[in-house]
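Colleague: What follows is structure.txt, compact mmCIF, C-alpha atoms and all ligand atoms.
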# COMPACT_ATOMS: atom_id res chain seq x y z
CA MET A 39 -27.06 -44.43 9.25
CA THR A 40 -26.42 -46.82 6.44
CA HIS A 41 -24.05 -46.00 3.66
CA ASP A 42 -24.15 -46.90 0.05
CA GLY A 43 -21.32 -49.40 -0.03
CA ALA A 44 -20.13 -48.53 -3.52
CA CYS A 45 -17.37 -46.16 -2.51
CA ALA A 46 -16.84 -47.19 1.09
CA ASP A 47 -13.68 -49.18 0.55
CA GLY A 48 -12.81 -48.89 -3.08
CA GLY A 49 -15.38 -51.48 -4.03
CA ALA A 50 -13.49 -54.28 -2.32
CA SER A 51 -16.68 -55.41 -0.69
CA ALA A 52 -19.65 -54.59 -2.87
CA GLY A 53 -22.08 -55.92 -0.32
CA PRO A 54 -23.87 -54.80 2.80
CA ILE A 55 -21.18 -55.87 5.28
CA ARG A 56 -18.22 -53.61 5.88
CA VAL A 57 -15.37 -54.19 8.28
CA GLU A 58 -14.93 -50.64 9.53
CA ARG A 59 -12.02 -51.20 11.85
CA MET A 60 -9.63 -53.99 12.74
CA GLU A 61 -7.47 -53.53 15.79
CA VAL A 62 -4.78 -56.01 16.72
CA ARG A 63 -4.40 -56.31 20.47
CA ARG A 64 -2.38 -58.73 22.50
CA GLY A 65 -3.59 -62.10 21.20
CA HIS A 66 -6.92 -60.65 20.09
CA LEU A 67 -8.33 -59.08 16.97
CA VAL A 68 -11.10 -56.62 17.75
CA CYS A 69 -13.26 -55.55 14.82
CA ARG A 70 -16.05 -53.07 14.32
CA VAL A 71 -18.32 -54.31 11.57
CA ALA A 72 -21.26 -52.56 9.92
CA PHE A 73 -23.95 -54.88 8.58
CA GLY A 74 -25.78 -52.15 6.69
CA ALA A 75 -28.98 -53.22 5.04
CA ALA A 76 -28.28 -56.91 5.57
CA SER A 77 -30.74 -58.87 7.67
CA HIS A 78 -29.45 -58.85 11.23
CA VAL A 79 -30.11 -62.53 11.87
CA THR A 80 -29.31 -65.74 10.06
CA SER A 81 -31.91 -67.95 8.42
CA PRO A 82 -32.02 -71.69 7.63
CA GLN A 83 -31.67 -70.79 3.95
CA LEU A 84 -28.54 -68.73 4.54
CA MET A 85 -27.06 -71.39 6.81
CA SER A 86 -27.57 -74.18 4.30
CA ARG A 87 -25.52 -72.16 1.82
CA VAL A 88 -22.85 -71.40 4.41
CA LEU A 89 -22.59 -75.02 5.53
CA ALA A 90 -22.28 -76.20 1.92
CA VAL A 91 -18.92 -74.40 1.93
CA VAL A 92 -17.92 -74.59 5.61
CA PRO A 93 -19.55 -77.75 7.05
CA THR A 94 -17.35 -77.71 10.16
CA LEU A 95 -19.14 -74.63 11.46
CA ALA A 96 -22.05 -76.61 12.91
CA GLN A 97 -19.82 -78.55 15.30
CA HIS A 98 -18.13 -75.50 16.80
CA ALA A 99 -18.21 -75.26 20.55
CA CYS A 100 -20.42 -72.30 21.37
CA VAL A 101 -21.78 -70.92 24.58
CA ASN A 102 -25.41 -70.12 23.86
CA GLU A 103 -28.83 -70.34 25.45
CA ARG A 104 -29.90 -73.46 23.53
CA GLY A 105 -26.94 -75.81 23.71
CA THR A 106 -23.21 -76.29 23.47
CA THR A 107 -22.59 -76.09 19.72
CA PHE A 108 -23.14 -73.45 17.09
CA ALA A 109 -25.65 -75.81 15.45
CA ALA A 110 -28.08 -75.23 18.34
CA VAL A 111 -28.62 -71.58 17.38
CA MET A 112 -27.22 -71.13 13.89
CA ASP A 113 -30.55 -71.01 12.01
CA CYS A 114 -31.56 -67.86 13.87
CA THR A 115 -28.68 -66.04 15.47
CA PRO A 116 -27.26 -62.55 15.03
CA LEU A 117 -25.25 -62.20 11.83
CA PRO A 118 -22.18 -61.00 13.78
CA HIS A 119 -22.25 -64.35 15.63
CA LEU A 120 -22.04 -66.19 12.30
CA LEU A 121 -19.17 -63.95 11.20
CA GLU A 122 -17.38 -64.62 14.49
CA HIS A 123 -17.57 -68.39 13.96
CA LEU A 124 -16.42 -68.09 10.34
CA VAL A 125 -13.32 -66.20 11.45
CA VAL A 126 -12.57 -68.83 14.10
CA ASP A 127 -13.12 -71.64 11.58
CA LEU A 128 -10.74 -70.16 9.01
CA GLN A 129 -8.03 -69.72 11.62
CA VAL A 130 -8.38 -73.32 12.77
CA ARG A 131 -8.14 -74.39 9.12
CA ALA A 132 -4.99 -72.37 8.67
CA GLU A 133 -3.41 -74.02 11.70
CA SER A 134 -4.24 -77.51 10.53
CA GLY A 135 -3.17 -76.91 6.95
CA GLN A 136 -6.78 -77.00 5.73
CA TRP A 137 -7.02 -73.39 4.60
CA PHE A 138 -9.03 -72.73 1.49
CA THR A 139 -10.17 -69.53 -0.16
CA LEU A 140 -13.83 -68.83 0.46
CA PRO A 141 -16.07 -67.85 -2.46
CA GLY A 142 -16.03 -64.07 -2.82
CA ALA A 143 -12.63 -63.67 -1.14
CA ALA A 144 -9.47 -62.50 -2.85
CA ALA A 145 -7.53 -65.44 -4.22
CA GLU A 146 -4.20 -64.57 -2.63
CA ALA A 147 -1.85 -67.22 -1.36
CA PRO A 148 -3.08 -68.70 1.89
CA PRO A 149 -1.43 -67.35 5.01
CA SER A 150 1.46 -69.38 6.27
CA MET A 151 1.28 -70.70 9.78
CA ALA A 152 4.82 -72.02 9.66
CA GLY A 153 6.53 -71.62 12.99
CA THR A 154 3.32 -70.85 14.80
CA THR A 155 2.73 -72.92 17.86
CA HIS A 156 0.13 -72.33 20.46
CA ASP A 157 -1.88 -74.51 22.75
CA ARG A 158 -4.96 -72.44 23.40
CA PRO A 159 -8.16 -72.86 21.40
CA ILE A 160 -9.17 -69.97 19.19
CA VAL A 161 -12.29 -68.37 20.61
CA GLY A 162 -14.45 -65.39 19.89
CA THR A 163 -17.24 -63.18 21.12
CA SER A 164 -19.61 -60.87 19.30
CA GLU A 165 -22.10 -58.26 20.35
CA TRP A 166 -24.16 -55.48 18.90
CA LEU A 167 -22.84 -52.02 19.69
CA ASP A 168 -25.92 -50.51 18.03
CA GLU A 169 -28.33 -53.15 16.78
CA ALA A 170 -30.69 -50.67 15.12
CA ALA A 171 -27.81 -49.29 13.05
CA GLY A 172 -26.35 -52.76 12.47
CA ILE A 173 -23.01 -52.01 14.13
CA ALA A 174 -21.31 -54.89 15.93
CA ARG A 175 -18.06 -55.68 17.66
CA ILE A 176 -16.40 -59.02 17.02
CA ASP A 177 -13.47 -60.12 19.13
CA VAL A 178 -11.47 -63.22 18.21
CA SER A 179 -8.29 -64.61 19.66
CA PHE A 180 -5.49 -65.64 17.35
CA ALA A 181 -2.20 -67.43 17.14
CA ASP A 182 -1.06 -65.32 14.18
CA ASP A 183 -2.31 -61.79 13.65
CA LEU A 184 -1.90 -61.87 9.86
CA VAL A 185 -3.98 -65.03 9.61
CA ALA A 186 -6.66 -63.49 11.80
CA LEU A 187 -6.81 -60.32 9.68
CA ARG A 188 -7.10 -62.36 6.52
CA ALA A 189 -9.74 -64.62 8.08
CA MET A 190 -11.86 -61.59 9.00
CA ARG A 191 -11.57 -60.03 5.54
CA ASP A 192 -12.32 -63.30 3.76
CA SER A 193 -15.26 -64.17 6.01
CA ALA A 194 -16.87 -60.76 5.46
CA ALA A 195 -16.34 -61.07 1.69
CA PHE A 196 -17.87 -64.56 1.75
CA LEU A 197 -20.99 -63.36 3.59
CA ASN A 198 -21.32 -60.46 1.17
CA GLU A 199 -21.12 -62.90 -1.72
CA LEU A 200 -23.93 -64.99 -0.22
CA LEU A 201 -26.08 -61.98 0.69
CA ARG A 202 -25.72 -60.51 -2.79
CA GLY A 203 -26.65 -63.75 -4.51
ZN ZN B 1 -20.94 -68.91 19.32
So, in terms of structure tokens, how does the structure I just supplied come out?
Ligand SMILES: [Zn+2]
Modeller:
Amino acid sequence: MTHDGACADGGASAGPIRVERMEVRRGHLVCRVAFGAASHVTSPQLMSRVLAVVPTLAQHACVNERGTTFAAVMDCTPLPHLLEHLVVDLQVRAESGQWFTLPGAAAEAPPSMAGTTHDRPIVGTSEWLDEAAGIARIDVSFADDLVALRAMRDSAAFLNELLRG
């Protein structure tokens, strides 16, 4: 069920989380992500480290059973849900010129959003396809597919960096 991540993708993500597939659809990026041996839910300890880097995450609008923001559930929510919000956050940063490279991510030039205009909020959903095996689907809308792909890669690398540490 779980794979030793060492050779899975050339070592690009030496951590439990692997983005197995990214599929660009019309205005949506649909990803299949394997969480491997990682814990399947967040913890207050993990979230304090995430928020130290991405403080805006707590204020995200989020439809959940406890409230209307991600903060209401973020201390104990499925890990794919955290990844979903990270990908949304990075895309919003790119649009507003606030992009920065997350720890653990490749330090390439930030994606350019020049010429991109859109008036719909970036939103996402996430669900387990097979919770026991740690396989999830994450679906996020985008204004720019290249930014969305980069945001997914960087967010997964960032979580791997935290989970390794
Ligand atoms: Zn949410």
Colleague: Could you work out how far CA of Ser134 (chain A) lies from CA of Ala147 (chain A), giving the answer in Å with one decimal?
Modeller: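 For CA of Ala147 (chain A) relative to CA of Ser134 (chain A), the distance reads 15.9 Å.
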Colleague: Let me have all residues with an atom within 10 Å of ligand ZN 1 (chain B), counting all atoms listed in the file, laid out as an MDAnalysis selection string.
Modeller: chainID A and resid 95 98:102 106:112 115:116 118:123 126 161:164
Colleague: Kindly save the residues from that selection, with C-alpha atoms included, as a PDB file, in the frame of the given file.
Modeller:
ATOM      1  CA  LEU A  95     -19.140 -74.630  11.460  1.00  0.00           C
ATOM      2  CA  HIS A  98     -18.130 -75.500  16.800  1.00  0.00           C
ATOM      3  CA  ALA A  99     -18.210 -75.260  20.550  1.00  0.00           C
ATOM      4  CA  CYS A 100     -20.420 -72.300  21.370  1.00  0.00           C
ATOM      5  CA  VAL A 101     -21.780 -70.920  24.580  1.00  0.00           C
ATOM      6  CA  ASN A 102     -25.410 -70.120  23.860  1.00  0.00           C
ATOM      7  CA  THR A 106     -23.210 -76.290  23.470  1.00  0.00           C
ATOM      8  CA  THR A 107     -22.590 -76.090  19.720  1.00  0.00           C
ATOM      9  CA  PHE A 108     -23.140 -73.450  17.090  1.00  0.00           C
ATOM     10  CA  ALA A 109     -25.650 -75.810  15.450  1.00  0.00           C
ATOM     11  CA  ALA A 110     -28.080 -75.230  18.340  1.00  0.00           C
ATOM     12  CA  VAL A 111     -28.620 -71.580  17.380  1.00  0.00           C
ATOM     13  CA  MET A 112     -27.220 -71.130  13.890  1.00  0.00           C
ATOM     14  CA  THR A 115     -28.680 -66.040  15.470  1.00  0.00           C
ATOM     15  CA  PRO A 116     -27.260 -62.550  15.030  1.00  0.00           C
ATOM     16  CA  PRO A 118     -22.180 -61.000  13.780  1.00  0.00           C
ATOM     17  CA  HIS A 119     -22.250 -64.350  15.630  1.00  0.00           C
ATOM     18  CA  LEU A 120     -22.040 -66.190  12.300  1.00  0.00           C
ATOM     19  CA  LEU A 121     -19.170 -63.950  11.200  1.00  0.00           C
ATOM     20  CA  GLU A 122     -17.380 -64.620  14.490  1.00  0.00           C
ATOM     21  CA  HIS A 123     -17.570 -68.390  13.960  1.00  0.00           C
ATOM     22  CA  VAL A 126     -12.570 -68.830  14.100  1.00  0.00           C
ATOM     23  CA  VAL A 161     -12.290 -68.370  20.610  1.00  0.00           C
ATOM     24  CA  GLY A 162     -14.450 -65.390  19.890  1.00  0.00           C
ATOM     25  CA  THR A 163     -17.240 -63.180  21.120  1.00  0.00           C
ATOM     26  CA  SER A 164     -19.610 -60.870  19.300  1.00  0.00           C
TER      27      SER A 164
END
Colleague: Considering all atoms listed in the file, state which residue in the set A:Leu117, A:Val79, A:Ala181, A:Ala174 is at the smallest distance from Gln129 (chain A).
Modeller: A:Ala181
Colleague: Name all residues at most 9 Å from region 58-64 of chain A (count all atoms listed in the file; drop same-chain ones fewer than 3 positions away) and give them as a PDB file with C-alpha atoms, in the frame of the given file.
Modeller:
ATOM      1  CA  LEU A  67      -8.330 -59.080  16.970  1.00  0.00           C
ATOM      2  CA  VAL A  68     -11.100 -56.620  17.750  1.00  0.00           C
ATOM      3  CA  CYS A  69     -13.260 -55.550  14.820  1.00  0.00           C
ATOM      4  CA  ARG A  70     -16.050 -53.070  14.320  1.00  0.00           C
ATOM      5  CA  VAL A  71     -18.320 -54.310  11.570  1.00  0.00           C
ATOM      6  CA  ALA A  72     -21.260 -52.560   9.920  1.00  0.00           C
ATOM      7  CA  SER A 179      -8.290 -64.610  19.660  1.00  0.00           C
ATOM      8  CA  ASP A 183      -2.310 -61.790  13.650  1.00  0.00           C
ATOM      9  CA  LEU A 187      -6.810 -60.320   9.680  1.00  0.00           C
ATOM     10  CA  MET A 190     -11.860 -61.590   9.000  1.00  0.00           C
TER      11      MET A 190
END
Colleague: A:Val125, A:Met85, A:Ala145, A:Ala76: which is nearest Asp177 (chain A), counting all atoms listed in the file?
Modeller: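 Ranked by minimum distance to Asp177 (chain A), first place goes to A:Val125.
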Colleague: Between A:Gly105, A:Gly135, A:Pro54, A:Pro148, which residue has the minimum interatomic distance to Ala189 (chain A), considering only C-alpha atoms?
Modeller: A:Pro148
Colleague: Measuring between all atoms listed in the file, which one of A:His78, A:Arg131, A:His66, A:Arg87 shows the shortest distance to Glu165 (chain A)?
Modeller: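 Closest candidate: A:His78.
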Colleague: If we count only C-alpha atoms, what is near Gly142 (chain A) at a cut-off of 9 Å, once residues fewer than 5 positions away on the same chain are taken out, given as a ChimeraX atom specification?
Modeller: /A:51,192-200
Colleague: Between A:Ala143, A:Pro93, A:Leu201, A:Ile176, which has the minimum distance to Ser81 (chain A) (counting all atoms listed in the file)?
Modeller: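 Looking only at the distances to Ser81 (chain A), the closest residue turns out to be A:Leu201.
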Colleague: Between A:Arg104, A:Glu169, A:Leu84, A:Trp137, single out the one closest to Val185 (chain A), counting all atoms listed in the file.
Modeller: A:Trp137
Colleague: Work out how far CA of Leu124 (chain A) is from CA of Gln136 (chain A), in Å to one decimal.
Modeller: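 Those two atoms sit 13.9 Å apart.
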Colleague: Mind giving me the straight-line distance from CA of Gly172 (chain A) to CA of Gln83 (chain A) in Å, one decimal?
Modeller: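 Those two atoms sit 20.6 Å apart.
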